[in-house]
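A.B. asks: Below is the file structure.json, which contains JSON, C-alpha atoms.
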[["chain", "number", "residue", "atom", "x", "y", "z"],
["A", 18, "MET", "CA", -71.97, -147.58, 15.88],
["A", 19, "HIS", "CA", -72.35, -144.95, 13.17],
["A", 20, "TYR", "CA", -74.87, -142.12, 12.99],
["A", 21, "LYS", "CA", -76.10, -140.40, 9.83],
["A", 22, "ILE", "CA", -75.43, -136.71, 10.41],
["A", 23, "VAL", "CA", -76.66, -133.87, 8.20],
["A", 24, "GLU", "CA", -74.74, -131.14, 10.03],
["A", 25, "ILE", "CA", -73.09, -130.20, 13.30],
["A", 26, "PHE", "CA", -72.75, -126.51, 14.05],
["A", 27, "HIS", "CA", -72.42, -123.97, 16.85],
["A", 28, "SER", "CA", -74.91, -121.14, 17.24],
["A", 29, "ILE", "CA", -77.57, -119.82, 19.60],
["A", 30, "GLU", "CA", -80.81, -121.56, 20.45],
["A", 31, "GLY", "CA", -83.43, -119.82, 18.34],
["A", 32, "GLU", "CA", -86.48, -120.95, 20.30],
["A", 33, "GLY", "CA", -87.69, -122.33, 23.60],
["A", 34, "LYS", "CA", -86.42, -121.99, 27.14],
["A", 35, "ARG", "CA", -82.76, -121.72, 26.08],
["A", 36, "ALA", "CA", -83.47, -119.09, 23.40],
["A", 37, "GLY", "CA", -80.46, -116.83, 22.93],
["A", 38, "GLN", "CA", -78.03, -119.21, 24.65],
["A", 39, "THR", "CA", -75.11, -120.72, 22.78],
["A", 40, "ALA", "CA", -75.24, -124.42, 21.98],
["A", 41, "ALA", "CA", -73.85, -127.11, 19.70],
["A", 42, "PHE", "CA", -76.45, -128.56, 17.32],
["A", 43, "VAL", "CA", -76.38, -132.11, 16.00],
["A", 44, "ARG", "CA", -78.83, -132.60, 13.12],
["A", 45, "PHE", "CA", -79.66, -136.21, 12.26],
["A", 46, "ALA", "CA", -80.98, -137.42, 8.92],
["A", 47, "GLY", "CA", -84.43, -138.91, 8.53],
["A", 48, "CYS", "CA", -87.97, -137.97, 9.56],
["A", 49, "ASN", "CA", -91.27, -139.85, 9.59],
["A", 50, "LEU", "CA", -93.42, -136.73, 9.13],
["A", 51, "ASN", "CA", -93.88, -134.32, 6.26],
["A", 52, "CYS", "CA", -95.12, -131.07, 7.77],
["A", 53, "SER", "CA", -96.42, -128.51, 5.30],
["A", 54, "TYR", "CA", -94.15, -125.78, 6.67],
["A", 55, "CYS", "CA", -91.02, -127.86, 7.29],
["A", 56, "ASP", "CA", -87.92, -125.65, 7.10],
["A", 57, "THR", "CA", -85.40, -128.49, 7.23],
["A", 58, "ARG", "CA", -86.53, -130.64, 4.32],
["A", 59, "TYR", "CA", -82.89, -131.30, 3.51],
["A", 60, "ALA", "CA", -82.83, -133.48, 6.65],
["A", 61, "ARG", "CA", -85.97, -135.51, 5.93],
["A", 62, "GLY", "CA", -84.26, -138.19, 3.82],
["A", 63, "ASP", "CA", -81.33, -140.45, 4.58],
["A", 64, "THR", "CA", -78.66, -138.21, 3.04],
["A", 65, "GLY", "CA", -75.91, -137.48, 5.51],
["A", 66, "THR", "CA", -72.41, -138.34, 6.65],
["A", 67, "LEU", "CA", -71.85, -141.48, 8.71],
["A", 68, "MET", "CA", -70.06, -140.54, 11.91],
["A", 69, "THR", "CA", -69.03, -142.40, 15.05],
["A", 70, "ALA", "CA", -69.80, -141.03, 18.51],
["A", 71, "GLU", "CA", -66.17, -139.98, 18.86],
["A", 72, "GLU", "CA", -66.30, -138.05, 15.57],
["A", 73, "ILE", "CA", -69.47, -136.32, 16.73],
["A", 74, "PHE", "CA", -67.82, -135.31, 19.99],
["A", 75, "ASP", "CA", -64.81, -133.97, 18.10],
["A", 76, "LYS", "CA", -67.14, -131.71, 16.11],
["A", 77, "ILE", "CA", -69.05, -130.62, 19.22],
["A", 78, "GLY", "CA", -65.84, -129.54, 20.90],
["A", 79, "ASP", "CA", -66.04, -128.12, 24.41],
["A", 80, "PHE", "CA", -69.71, -127.05, 24.25],
["A", 81, "LYS", "CA", -71.85, -128.35, 27.12],
["A", 82, "ARG", "CA", -75.29, -127.27, 25.90],
["A", 83, "ILE", "CA", -76.29, -129.67, 23.14],
["A", 84, "THR", "CA", -79.39, -129.72, 20.95],
["A", 85, "LEU", "CA", -80.24, -132.94, 19.12],
["A", 86, "THR", "CA", -82.50, -132.23, 16.17],
["A", 87, "GLY", "CA", -83.34, -133.46, 12.71],
["A", 88, "GLY", "CA", -85.07, -134.93, 11.03],
["A", 89, "GLU", "CA", -86.30, -136.83, 14.05],
["A", 90, "PRO", "CA", -83.57, -137.80, 16.52],
["A", 91, "LEU", "CA", -85.68, -140.37, 18.39],
["A", 92, "LEU", "CA", -85.83, -142.52, 15.24],
["A", 93, "VAL", "CA", -82.03, -142.81, 15.11],
["A", 94, "PRO", "CA", -80.68, -146.30, 15.94],
["A", 95, "GLY", "CA", -78.36, -146.10, 18.93],
["A", 96, "ILE", "CA", -79.53, -142.66, 20.04],
["A", 97, "GLU", "CA", -79.82, -143.73, 23.70],
["A", 98, "TYR", "CA", -76.21, -144.92, 23.67],
["A", 99, "LEU", "CA", -75.06, -141.57, 22.29],
["A", 100, "ILE", "CA", -77.15, -139.61, 24.79],
["A", 101, "ASN", "CA", -75.80, -141.61, 27.72],
["A", 102, "LYS", "CA", -72.25, -140.88, 26.60],
["A", 103, "MET", "CA", -73.14, -137.18, 26.40],
["A", 104, "VAL", "CA", -74.57, -137.28, 29.92],
["A", 105, "LYS", "CA", -71.38, -138.87, 31.25],
["A", 106, "LEU", "CA", -69.43, -136.00, 29.70],
["A", 107, "GLY", "CA", -71.57, -133.49, 31.58],
["A", 108, "MET", "CA", -73.52, -132.25, 28.56],
["A", 109, "LYS", "CA", -76.98, -130.68, 29.00],
["A", 110, "ILE", "CA", -79.18, -132.05, 26.22],
["A", 111, "ASN", "CA", -82.24, -130.61, 24.49],
["A", 112, "ILE", "CA", -83.99, -133.15, 22.27],
["A", 113, "GLU", "CA", -86.18, -131.55, 19.61],
["A", 114, "THR", "CA", -88.77, -134.17, 18.75],
["A", 115, "ASN", "CA", -91.85, -134.07, 16.54],
["A", 116, "GLY", "CA", -94.42, -135.60, 18.90],
["A", 117, "SER", "CA", -94.85, -138.90, 17.08],
["A", 118, "SER", "CA", -91.98, -140.90, 18.62],
["A", 119, "ASP", "CA", -92.15, -142.39, 22.12],
["A", 120, "ILE", "CA", -90.12, -140.43, 24.67],
["A", 121, "SER", "CA", -90.53, -142.94, 27.52],
["A", 122, "SER", "CA", -87.10, -144.56, 27.45],
["A", 123, "LEU", "CA", -85.30, -141.28, 28.21],
["A", 124, "LEU", "CA", -87.54, -139.98, 30.98],
["A", 125, "ASN", "CA", -85.27, -141.56, 33.60],
["A", 126, "LEU", "CA", -82.67, -138.85, 32.96],
["A", 127, "SER", "CA", -82.88, -135.83, 35.24],
["A", 128, "GLN", "CA", -83.87, -132.33, 34.18],
["A", 129, "GLU", "CA", -80.25, -131.26, 34.69],
["A", 130, "GLN", "CA", -79.19, -133.83, 32.09],
["A", 131, "LEU", "CA", -81.92, -133.76, 29.45],
["A", 132, "PHE", "CA", -85.18, -132.10, 28.53],
["A", 133, "PHE", "CA", -87.54, -132.48, 25.58],
["A", 134, "THR", "CA", -88.79, -129.79, 23.24],
["A", 135, "ILE", "CA", -91.77, -131.59, 21.76],
["A", 136, "ASP", "CA", -94.14, -130.40, 19.06],
["A", 137, "TYR", "CA", -97.86, -130.87, 19.04],
["A", 138, "LYS", "CA", -98.60, -130.64, 15.34],
["A", 139, "LEU", "CA", -101.60, -128.41, 14.62],
["A", 140, "PRO", "CA", -103.90, -128.90, 11.58],
["A", 141, "SER", "CA", -101.93, -126.56, 9.30],
["A", 142, "SER", "CA", -99.01, -128.99, 9.54],
["A", 143, "GLY", "CA", -101.03, -131.80, 7.97],
["A", 144, "GLU", "CA", -99.70, -134.20, 10.62],
["A", 145, "THR", "CA", -101.99, -133.87, 13.64],
["A", 146, "ASP", "CA", -103.16, -137.47, 13.32],
["A", 147, "LYS", "CA", -99.57, -138.72, 13.79],
["A", 148, "MET", "CA", -99.25, -137.38, 17.33],
["A", 149, "LEU", "CA", -98.55, -139.98, 20.04],
["A", 150, "LEU", "CA", -100.85, -138.60, 22.71],
["A", 151, "SER", "CA", -99.27, -140.60, 25.53],
["A", 152, "ASN", "CA", -96.11, -138.52, 25.11],
["A", 153, "PHE", "CA", -97.83, -135.34, 26.22],
["A", 154, "ALA", "CA", -99.19, -136.85, 29.43],
["A", 155, "LYS", "CA", -95.62, -137.77, 30.45],
["A", 156, "LEU", "CA", -94.06, -134.33, 30.06],
["A", 157, "ARG", "CA", -92.22, -133.04, 33.12],
["A", 158, "PRO", "CA", -92.06, -129.45, 34.38],
["A", 159, "CYS", "CA", -88.60, -129.16, 32.77],
["A", 160, "ASP", "CA", -89.87, -130.12, 29.30],
["A", 161, "VAL", "CA", -91.14, -127.78, 26.58],
["A", 162, "LEU", "CA", -94.36, -128.23, 24.65],
["A", 163, "LYS", "CA", -94.26, -126.28, 21.39],
["A", 164, "PHE", "CA", -96.98, -125.22, 18.96],
["A", 165, "VAL", "CA", -96.45, -123.75, 15.49],
["A", 166, "VAL", "CA", -99.47, -121.76, 14.29],
["A", 167, "GLY", "CA", -99.98, -121.56, 10.55],
["A", 168, "ASN", "CA", -103.51, -120.20, 10.27],
["A", 169, "GLU", "CA", -106.62, -119.33, 12.26],
["A", 170, "THR", "CA", -107.94, -122.91, 12.30],
["A", 171, "ASP", "CA", -104.98, -123.89, 14.49],
["A", 172, "ILE", "CA", -106.01, -121.60, 17.36],
["A", 173, "PRO", "CA", -109.05, -123.52, 18.71],
["A", 174, "VAL", "CA", -107.19, -126.82, 18.37],
["A", 175, "MET", "CA", -104.27, -125.46, 20.37],
["A", 176, "THR", "CA", -106.64, -124.03, 22.98],
["A", 177, "ASP", "CA", -108.56, -127.28, 23.41],
["A", 178, "PHE", "CA", -105.38, -129.31, 23.65],
["A", 179, "ILE", "CA", -103.95, -127.06, 26.36],
["A", 180, "LYS", "CA", -107.23, -127.28, 28.29],
["A", 181, "SER", "CA", -107.03, -131.09, 28.20],
["A", 182, "LEU", "CA", -103.32, -131.31, 29.06],
["A", 183, "MET", "CA", -102.62, -133.56, 32.06],
["A", 184, "SER", "CA", -98.99, -132.50, 32.54],
["A", 185, "ASN", "CA", -97.27, -129.23, 33.40],
["A", 186, "PRO", "CA", -94.47, -128.42, 30.91],
["A", 187, "TYR", "CA", -93.33, -125.03, 29.70],
["A", 188, "ILE", "CA", -95.62, -124.05, 26.81],
["A", 189, "TYR", "CA", -94.42, -121.99, 23.86],
["A", 190, "ALA", "CA", -96.18, -120.97, 20.67],
["A", 191, "GLY", "CA", -94.72, -119.53, 17.50],
["A", 192, "THR", "CA", -95.85, -118.97, 13.94],
["A", 193, "VAL", "CA", -94.97, -120.29, 10.52],
["A", 194, "PHE", "CA", -92.33, -117.78, 9.43],
["A", 195, "GLY", "CA", -93.65, -115.45, 6.75],
["A", 196, "SER", "CA", -97.11, -117.05, 6.67],
["A", 197, "TYR", "CA", -98.85, -116.03, 9.89],
["A", 198, "GLU", "CA", -98.15, -112.74, 11.65],
["A", 199, "PRO", "CA", -96.92, -113.04, 15.25],
["A", 200, "SER", "CA", -99.08, -110.02, 16.15],
["A", 201, "LYS", "CA", -102.19, -112.09, 15.37],
["A", 202, "LEU", "CA", -100.98, -114.83, 17.69],
["A", 203, "VAL", "CA", -100.31, -112.29, 20.45],
["A", 204, "GLN", "CA", -103.92, -111.12, 20.25],
["A", 205, "HIS", "CA", -105.12, -114.68, 20.77],
["A", 206, "LEU", "CA", -102.74, -115.17, 23.72],
["A", 207, "VAL", "CA", -104.12, -112.02, 25.29],
["A", 208, "ASN", "CA", -107.80, -112.61, 24.59],
["A", 209, "ILE", "CA", -108.20, -116.36, 25.23],
["A", 210, "PRO", "CA", -107.87, -117.12, 28.97],
["A", 211, "GLU", "CA", -106.55, -120.65, 28.40],
["A", 212, "LEU", "CA", -103.65, -119.24, 26.36],
["A", 213, "ARG", "CA", -102.43, -116.58, 28.78],
["A", 214, "ASN", "CA", -99.69, -118.79, 30.23],
["A", 215, "VAL", "CA", -98.35, -119.63, 26.75],
["A", 216, "GLN", "CA", -95.09, -117.87, 25.95],
["A", 217, "LEU", "CA", -94.65, -116.37, 22.49],
["A", 218, "GLN", "CA", -91.50, -117.44, 20.69],
["A", 219, "LEU", "CA", -89.89, -116.13, 17.53],
["A", 220, "GLN", "CA", -87.24, -118.02, 15.57],
["A", 221, "LEU", "CA", -84.35, -115.75, 16.47],
["A", 222, "HIS", "CA", -81.99, -117.29, 13.94],
["A", 223, "LYS", "CA", -84.33, -116.28, 11.11],
["A", 224, "PHE", "CA", -84.08, -112.64, 12.15],
["A", 225, "ILE", "CA", -80.32, -112.67, 12.66],
["A", 226, "TRP", "CA", -79.47, -114.57, 9.47],
["A", 227, "ASP", "CA", -81.18, -115.22, 6.16],
["A", 228, "PRO", "CA", -84.25, -117.39, 6.92],
["A", 229, "LEU", "CA", -83.05, -120.03, 4.45],
["A", 230, "GLU", "CA", -79.45, -120.14, 5.70],
["A", 231, "ARG", "CA", -78.29, -123.50, 7.07],
["A", 232, "GLY", "CA", -75.90, -124.16, 9.92],
["A", 233, "VAL", "CA", -77.03, -121.23, 12.06]]
When written as structure tokens, how does the structure in this file appear?

C.D. replies:
Amino acid sequence: MHYKIVEIFHSIEGEGKRAGQTAAFVRFAGCNLNCSYCDTRYARGDTGTLMTAEEIFDKIGDFKRITLTGGEPLLVPGIEYLINKMVKLGMKINIETNGSSDISSLLNLSQEQLFFTIDYKLPSSGETDKMLLSNFAKLRPCDVLKFVVGNETDIPVMTDFIKSLMSNPYIYAGTVFGSYEPSKLVQHLVNIPELRNVQLQLQLHKFIWDPLERGV
């Protein structure tokens, strides 16, 4: 089994419940969405290096916190095989997924082994209609639901979706870097009762390094 890999690197988690913690990142090639604000367009196509599981583990090294990202990792053939090998090695996996691919087959793994960071794409992304709504009803308390706000029209959509949510994940909201001021989002989190349990997140890596730098 070979996997098409765009990059493997070691850094800190820039977002979500492991923000600031060191991790090894495995970025897969290929995505089925085309979000307006995508900051990893270089991973949308099928350009990458074919690697075996063993070659991936060699690059990961002795890191135990692993983030699988893309692209869209749940579209990768053989991804469950790779994840199960990671679990057997004691790795703690964060799967960053875009909300359009079914998460069901991996929900049997415990929160100590794997959690999802799943996007709900708001209107500014241009991809709201691609969301697989059944995913969001299945989220566990260990999983992360993420929103990226690009403009004011996203706010009522986010609010209504949170009101209708039938699961109890962590909820984070951030902004499109350089396009929507985080201070505006904070005001909405403060003033809209349904948003007061949403945690603001900033993309730490874009403040530490150049926002366009790869492999960080």

A.B. asks: One number please: atom CA of A:Ile77 to atom CA of A:Asn51, in Å, one decimal.

C.D. replies: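 Going from atom CA of A:Ile77 over to atom CA of A:Asn51, I get 28.3 Å.
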
A.B. asks: Hey, what's within 12 Å of A:Pro199 if we count only C-alpha atoms and toss same-chain stuff fewer than 3 positions away? As a PyMOL selection string, please?

C.D. replies: chain A and resi 165-169+190-196+202-206+216-220

A.B. asks: Could you check how far atom CA of A:Arg82 sits from atom CA of A:Gly33, in Å to one decimal?

C.D. replies: 13.5 Å

A.B. asks: Could you give me, as JSON lines, a per-residue list for stretch 56-152 of chain A showing, wherever an atom lies at most 10 Å from an atom of stretch 159-162 of chain A, the closest pair of atoms and their distance in Å to one decimal, using all atoms listed in the file and sorting by chain then residue number from low to high?

C.D. replies:
{"residue": "A:Asn111", "atom": "CA", "partner": "A:Asp160", "partner_atom": "CA", "distance": 9.0}
{"residue": "A:Ile112", "atom": "CA", "partner": "A:Asp160", "partner_atom": "CA", "distance": 9.7}
{"residue": "A:Glu113", "atom": "CA", "partner": "A:Val161", "partner_atom": "CA", "distance": 9.3}
{"residue": "A:Gly116", "atom": "CA", "partner": "A:Leu162", "partner_atom": "CA", "distance": 9.3}
{"residue": "A:Ser127", "atom": "CA", "partner": "A:Cys159", "partner_atom": "CA", "distance": 9.1}
{"residue": "A:Gln128", "atom": "CA", "partner": "A:Cys159", "partner_atom": "CA", "distance": 5.9}
{"residue": "A:Glu129", "atom": "CA", "partner": "A:Cys159", "partner_atom": "CA", "distance": 8.8}
{"residue": "A:Leu131", "atom": "CA", "partner": "A:Asp160", "partner_atom": "CA", "distance": 8.7}
{"residue": "A:Phe132", "atom": "CA", "partner": "A:Asp160", "partner_atom": "CA", "distance": 5.1}
{"residue": "A:Phe133", "atom": "CA", "partner": "A:Asp160", "partner_atom": "CA", "distance": 5.0}
{"residue": "A:Thr134", "atom": "CA", "partner": "A:Val161", "partner_atom": "CA", "distance": 4.6}
{"residue": "A:Ile135", "atom": "CA", "partner": "A:Leu162", "partner_atom": "CA", "distance": 5.1}
{"residue": "A:Asp136", "atom": "CA", "partner": "A:Leu162", "partner_atom": "CA", "distance": 6.0}
{"residue": "A:Tyr137", "atom": "CA", "partner": "A:Leu162", "partner_atom": "CA", "distance": 7.1}

A.B. asks: Smallest atom-to-atom distance to A:Glu30: which of A:Lys76, A:Leu221, A:Ser142, A:Pro228, using all atoms listed in the file?

C.D. replies: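 Going through A:Lys76, A:Leu221, A:Ser142, A:Pro228 one by one, the smallest distance to A:Glu30 is for A:Leu221.
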
A.B. asks: Name the closest residue to A:Asn115 among the candidates A:Cys52, A:Ile73, A:Val207, A:Ala41; distances are taken between atoms, counting only C-alpha atoms.

C.D. replies: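 Smallest separation from A:Asn115 among the options: A:Cys52.
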
A.B. asks: Measure the distance from atom CA of A:Met108 to atom CA of A:Thr66 in Å and round it to one decimal.

C.D. replies: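 Straight-line distance from atom CA of A:Met108 to atom CA of A:Thr66 works out to 22.8 Å.
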
A.B. asks: Counting all atoms listed in the file, which residue out of A:Ala46, A:Leu106, A:Leu149, A:Ile209 sits closest to A:Val93?

C.D. replies: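 Looking at the shortest contact to A:Val93, the residue is A:Ala46.
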
A.B. asks: Excluding A:Thr64 and residues on its chain fewer than 6 positions from it, collect all residues at most 10 Å away from it, counting only C-alpha atoms, and give them as an mmCIF file with C-alpha atoms, in the frame of the given file.

C.D. replies:
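Just written: around.cif:
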data_model
loop_
_atom_site.group_PDB
_atom_site.id
_atom_site.type_symbol
_atom_site.label_atom_id
_atom_site.label_comp_id
_atom_site.auth_asym_id
_atom_site.auth_seq_id
_atom_site.Cartn_x
_atom_site.Cartn_y
_atom_site.Cartn_z
ATOM 1 C CA LYS A 21 -76.100 -140.400 9.830
ATOM 2 C CA ILE A 22 -75.430 -136.710 10.410
ATOM 3 C CA VAL A 23 -76.660 -133.870 8.200
ATOM 4 C CA PHE A 45 -79.660 -136.210 12.260
ATOM 5 C CA ALA A 46 -80.980 -137.420 8.920
ATOM 6 C CA GLY A 47 -84.430 -138.910 8.530
#

A.B. asks: As a PDB file with C-alpha atoms, in the coordinates of the input, please: the residues near A:Glu24 (cut-off 8 Å, only C-alpha atoms, same-chain neighbours under 4 positions excluded).

C.D. replies:
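Result went into result07.pdb, see below:
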ATOM      1  CA  PHE A  42     -76.450-128.560  17.320  1.00  0.00           C
ATOM      2  CA  VAL A  43     -76.380-132.110  16.000  1.00  0.00           C
ATOM      3  CA  ARG A  44     -78.830-132.600  13.120  1.00  0.00           C
ATOM      4  CA  PHE A  45     -79.660-136.210  12.260  1.00  0.00           C
ATOM      5  CA  GLY A  65     -75.910-137.480   5.510  1.00  0.00           C
ATOM      6  CA  GLY A 232     -75.900-124.160   9.920  1.00  0.00           C
TER       7      GLY A 232
END

A.B. asks: My list of candidates is A:Asp227, A:Asp119, A:Glu211, A:Glu32. Which is closest to A:Asp177 when distances are computed with only C-alpha atoms?

C.D. replies: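 Once distances to A:Asp177 are computed over only C-alpha atoms, the minimum belongs to A:Glu211.
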
A.B. asks: Looking at A:Arg231, A:His222, A:Asp56, A:Ser117, which one is nearest to A:Ala36, with distances taken over all atoms listed in the file?

C.D. replies: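 Of A:Arg231, A:His222, A:Asp56, A:Ser117, the one nearest A:Ala36, counting all atoms listed in the file, is A:His222.
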
A.B. asks: Out of A:Thr39, A:Asn101, A:Thr69, A:Thr176, which residue has the shortest atom-to-atom distance to A:Gln130 when counting all atoms listed in the file?

C.D. replies: A:Asn101

A.B. asks: Could you rebuild stretch 18-31 of chain A with N, CA and C atoms and give it back as a PDB file, in the coordinates of the input?

C.D. replies:
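Result file selection.pdb:
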ATOM      1  N   MET A  18     -70.698-148.246  16.152  1.00  0.00           N
ATOM      2  CA  MET A  18     -71.970-147.580  15.880  1.00  0.00           C
ATOM      3  C   MET A  18     -71.713-146.306  15.084  1.00  0.00           C
ATOM      4  N   HIS A  19     -72.450-146.148  13.996  1.00  0.00           N
ATOM      5  CA  HIS A  19     -72.350-144.950  13.170  1.00  0.00           C
ATOM      6  C   HIS A  19     -73.715-144.257  13.108  1.00  0.00           C
ATOM      7  N   TYR A  20     -73.673-142.941  13.043  1.00  0.00           N
ATOM      8  CA  TYR A  20     -74.870-142.120  12.990  1.00  0.00           C
ATOM      9  C   TYR A  20     -74.863-141.298  11.705  1.00  0.00           C
ATOM     10  N   LYS A  21     -76.025-141.178  11.064  1.00  0.00           N
ATOM     11  CA  LYS A  21     -76.100-140.400   9.830  1.00  0.00           C
ATOM     12  C   LYS A  21     -76.389-138.942  10.192  1.00  0.00           C
ATOM     13  N   ILE A  22     -75.386-138.100   9.982  1.00  0.00           N
ATOM     14  CA  ILE A  22     -75.430-136.710  10.410  1.00  0.00           C
ATOM     15  C   ILE A  22     -75.539-135.787   9.208  1.00  0.00           C
ATOM     16  N   VAL A  23     -76.507-134.869   9.258  1.00  0.00           N
ATOM     17  CA  VAL A  23     -76.660-133.870   8.200  1.00  0.00           C
ATOM     18  C   VAL A  23     -75.713-132.708   8.442  1.00  0.00           C
ATOM     19  N   GLU A  24     -75.634-132.250   9.698  1.00  0.00           N
ATOM     20  CA  GLU A  24     -74.740-131.140  10.030  1.00  0.00           C
ATOM     21  C   GLU A  24     -74.545-131.065  11.532  1.00  0.00           C
ATOM     22  N   ILE A  25     -73.387-130.555  11.920  1.00  0.00           N
ATOM     23  CA  ILE A  25     -73.090-130.200  13.300  1.00  0.00           C
ATOM     24  C   ILE A  25     -72.574-128.769  13.270  1.00  0.00           C
ATOM     25  N   PHE A  26     -73.170-127.906  14.073  1.00  0.00           N
ATOM     26  CA  PHE A  26     -72.750-126.510  14.050  1.00  0.00           C
ATOM     27  C   PHE A  26     -72.944-125.880  15.423  1.00  0.00           C
ATOM     28  N   HIS A  27     -72.352-124.718  15.598  1.00  0.00           N
ATOM     29  CA  HIS A  27     -72.420-123.970  16.850  1.00  0.00           C
ATOM     30  C   HIS A  27     -73.141-122.661  16.604  1.00  0.00           C
ATOM     31  N   SER A  28     -74.130-122.353  17.443  1.00  0.00           N
ATOM     32  CA  SER A  28     -74.910-121.140  17.240  1.00  0.00           C
ATOM     33  C   SER A  28     -75.601-120.798  18.556  1.00  0.00           C
ATOM     34  N   ILE A  29     -76.704-120.048  18.451  1.00  0.00           N
ATOM     35  CA  ILE A  29     -77.570-119.820  19.600  1.00  0.00           C
ATOM     36  C   ILE A  29     -78.853-120.616  19.409  1.00  0.00           C
ATOM     37  N   GLU A  30     -79.472-120.972  20.522  1.00  0.00           N
ATOM     38  CA  GLU A  30     -80.810-121.560  20.450  1.00  0.00           C
ATOM     39  C   GLU A  30     -81.755-120.480  19.940  1.00  0.00           C
ATOM     40  N   GLY A  31     -82.526-120.800  18.908  1.00  0.00           N
ATOM     41  CA  GLY A  31     -83.430-119.820  18.340  1.00  0.00           C
ATOM     42  C   GLY A  31     -84.792-119.776  18.996  1.00  0.00           C
TER      43      GLY A  31
END
